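Taking it in order: structure first as structure tokens, then the write-up.
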Amino acid sequence: MSHYKIEAATGQHIGDRDEQQDRVALFAAPRAPGYMMAVLADGRGAGSGGAKAAEQVIRTARQVFDQFSPLTDEVDQMLAAIAMEAHTVINLYPMTSDERPQSTMVALVITPEGVAHWAHVGNSRLYRFSGPNPAFYTRDHTYREKLIAEGRLAEGDRNSAKLSRLLLNTLGGGNDKLTVTPGRYDGLRAGDSFLLCSDGLSPYFSDAELGAAVVSRSPREVSEMLIDKARDRSAGRRADNCTLALVRLVAPPPEKKDYQARGIRRAV
């Protein structure tokens with residue numbers, strides 16, 4: 001079983017947009033004690049469609065996680081089911097309106113066995129840190145990442161910012177084929193952290209900056225600091241909605257030992 005406790009917080013800012021189309025939530029599983037989920041969705045679409053799509057991701061995640069049991073279900077399959085079910089529902093929206101919204105998704109599940117599972121669709125990211133050290137981040141489902149994977153674009157090419165906004169894979173939008181990219185990390189311990197964020201935050205920080213930030217203060221204070229810094233760095237760029245969830249594993253407090261004084265009786 002795990003030798004850590006979980007601290008978590010979320011943060012959001014509307015940016016310079018007219019509407020907040022991101023959604024984020026933290027859940028416990030009523031049928032799976034010790035399991036927790038963080039899920040983030042970035043809606044896209046005219047009018048209120050993007051917000052509705054992102055809200056559908058959160059609603060589906062809650063419903064599916066509420067029914068999850070480790071005795072009968074697999075975490076990876078559960079995460080894939082969340083994406084598929086949300087995708088199906090969002091694709092039905094045009095039947096009742098002219099909207100054809102889309103949403104990204106990134107979801108993380110921490111288990112009491114010291115395992116982290118995640119899945120993502122689109123360009124909302126998950127970062128994993130060991131202490132302040134960046135250890136991993138998910139690769140966006142964008143045209144830029146496709147070109148990098150094919151060797152047609154250099155990783156550090158600074159002229160590819162527009163390509164990073166061209167999504168090749170989202171929930172909804174009439175997309176028939178959906179790719180859900182899973183991930184897993186075993187051997188969690190105190191000092192590990194996970195950051196989930198929308199693309200309103202990730203472009204404004206290096207991996208090293210994020211790693212230093214996640215261990216610097218409480219999760220709530222870190223969330224506020226990152227949101228404020230992203231706002232400062234995005235000044236004049238019509239910043240997008242900015243949303244994050246931070247999950248940090250910390251050592252539990254030491255157990256209090258119950259010392260009981262015992263008297264010694266002498267034989268006379």
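Identifiers for the structure tokens are assigned positionally: chains receive A, B, ... in sequence, residues are indexed from 1 per chain, and ligands are indexed from 1 in the order shown.
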Considering only C-alpha atoms, return as a compact mmCIF listing (two decimals) with C-alpha atoms, in the first residue's frame whatever protein or nucleic-acid residues lie within 7 Å of Ala41 in chain A, sequence-local ones (same chain, fewer than 4 positions apart) excluded.
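File written: out.txt
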```txt
# COMPACT_ATOMS: atom_id res chain seq x y z
CA ASP A 22 -12.02 24.94 -19.74
CA ARG A 23 -13.21 22.62 -17.00
CA VAL A 24 -11.26 20.84 -14.26
CA ALA A 54 -15.76 20.35 -21.75
CA VAL A 57 -16.10 15.39 -20.30
CA SER A 103 -12.89 19.17 -26.37
CA THR A 104 -9.52 17.91 -25.28
CA MET A 105 -9.10 15.67 -22.24
CA VAL A 106 -6.35 14.69 -19.85
```
Open item on the list: Among range 21-263 of chain A, which ones does DSSP assign to alpha helix (DSSP H) (computed from the backbone)? Answer as number ranges by chain.
Closed with: A: 49-67, 75-91, 143-149, 207-214, 219-233
Open item on the list: I need the residue nearest Val121 in chain A from this list: A:Val109, A:Ala154, A:Ala245, A:Leu171. Use only C-alpha atoms for the distance.
Closed with: A:Leu171
Open item on the list: Residues near Ile58 in chain A, anyone? I mean within 12 Å using only C-alpha atoms, not counting same-chain ones fewer than 5 positions away, as number ranges by chain.
Closed with: A: 22-27, 37-43, 51-53, 63-65, 82-83, 85-87, 103-107
TODO: Enumerate, as JSON, numbers by chain, the complete set of residues in range 125-219 of chain A that a backbone-based DSSP assignment places in strand (DSSP E).
DONE: {"A": [125, 126, 127, 128, 129, 130, 133, 134, 135, 136, 137, 171, 172, 181, 182, 183, 184, 185, 186, 192, 193, 194, 195, 196, 197]}
Dump of C-alpha atoms for the selected residues, as a PDB file, in the first residue's frame:
```pdb
ATOM      1  CA  ARG A 125      -0.948  17.992 -21.019  1.00  0.00           C
ATOM      2  CA  LEU A 126       0.167  15.915 -18.083  1.00  0.00           C
ATOM      3  CA  TYR A 127       3.611  16.497 -16.559  1.00  0.00           C
ATOM      4  CA  ARG A 128       5.256  14.162 -14.063  1.00  0.00           C
ATOM      5  CA  PHE A 129       7.956  15.386 -11.685  1.00  0.00           C
ATOM      6  CA  SER A 130      10.272  13.581  -9.285  1.00  0.00           C
ATOM      7  CA  ASN A 133      13.021  17.267 -11.648  1.00  0.00           C
ATOM      8  CA  PRO A 134      10.924  16.971 -14.839  1.00  0.00           C
ATOM      9  CA  ALA A 135      10.499  13.284 -15.643  1.00  0.00           C
ATOM     10  CA  PHE A 136       7.849  13.079 -18.373  1.00  0.00           C
ATOM     11  CA  TYR A 137       5.150  14.938 -20.263  1.00  0.00           C
ATOM     12  CA  LEU A 171     -13.411  14.600 -28.569  1.00  0.00           C
ATOM     13  CA  GLY A 172     -16.368  15.518 -30.789  1.00  0.00           C
ATOM     14  CA  THR A 181      -3.132   7.790 -25.534  1.00  0.00           C
ATOM     15  CA  PRO A 182      -2.614   6.002 -22.193  1.00  0.00           C
ATOM     16  CA  GLY A 183       0.286   6.172 -19.777  1.00  0.00           C
ATOM     17  CA  ARG A 184       1.383   4.552 -16.553  1.00  0.00           C
ATOM     18  CA  TYR A 185       4.004   4.953 -13.855  1.00  0.00           C
ATOM     19  CA  ASP A 186       4.676   2.405 -11.099  1.00  0.00           C
ATOM     20  CA  ASP A 192       6.329  12.784  -6.932  1.00  0.00           C
ATOM     21  CA  SER A 193       4.004  15.353  -8.497  1.00  0.00           C
ATOM     22  CA  PHE A 194       1.679  15.592 -11.480  1.00  0.00           C
ATOM     23  CA  LEU A 195       0.543  18.729 -13.275  1.00  0.00           C
ATOM     24  CA  LEU A 196      -2.397  18.676 -15.684  1.00  0.00           C
ATOM     25  CA  CYS A 197      -2.871  21.850 -17.707  1.00  0.00           C
TER      26      CYS A 197
END
```
- [ ] Could you tell me how far CA of Arg165 in chain A lies from CA of Arg44 in chain A, in Å and to one decimal?
- [x]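 Computing the Euclidean distance for CA of Arg165 in chain A and CA of Arg44 in chain A yields 11.6 Å.
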Open item on the list: Measuring between only C-alpha atoms, which one of A:His3, A:Arg17, A:Lys229, A:Lys162 shows the shortest distance to Leu249 in chain A?
Closed with: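 Ranking A:His3, A:Arg17, A:Lys229, A:Lys162 by distance to Leu249 in chain A, first place goes to A:His3.
The residue that comes closest to Val214 in chain A, out of A:His13, A:Arg152, A:Pro132, A:Asp199 and on the basis of only C-alpha atoms, is A:Pro132.
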Open item on the list: When you look at Arg231 in chain A with a cut-off of 10 Å (counting only C-alpha atoms), what residues show up, excluding the ones that are within fewer than 6 positions of it in the same chain? I need them as a PyMOL selection string.
Closed with: chain A and resi 13-16+200-201+204+225+237+239-242
Task: Near-Gln67 in chain A list (10 Å; only C-alpha atoms; drop same-chain fewer than 3 positions) as a ChimeraX atom specification - done: /A:29-32,62-64,73,78
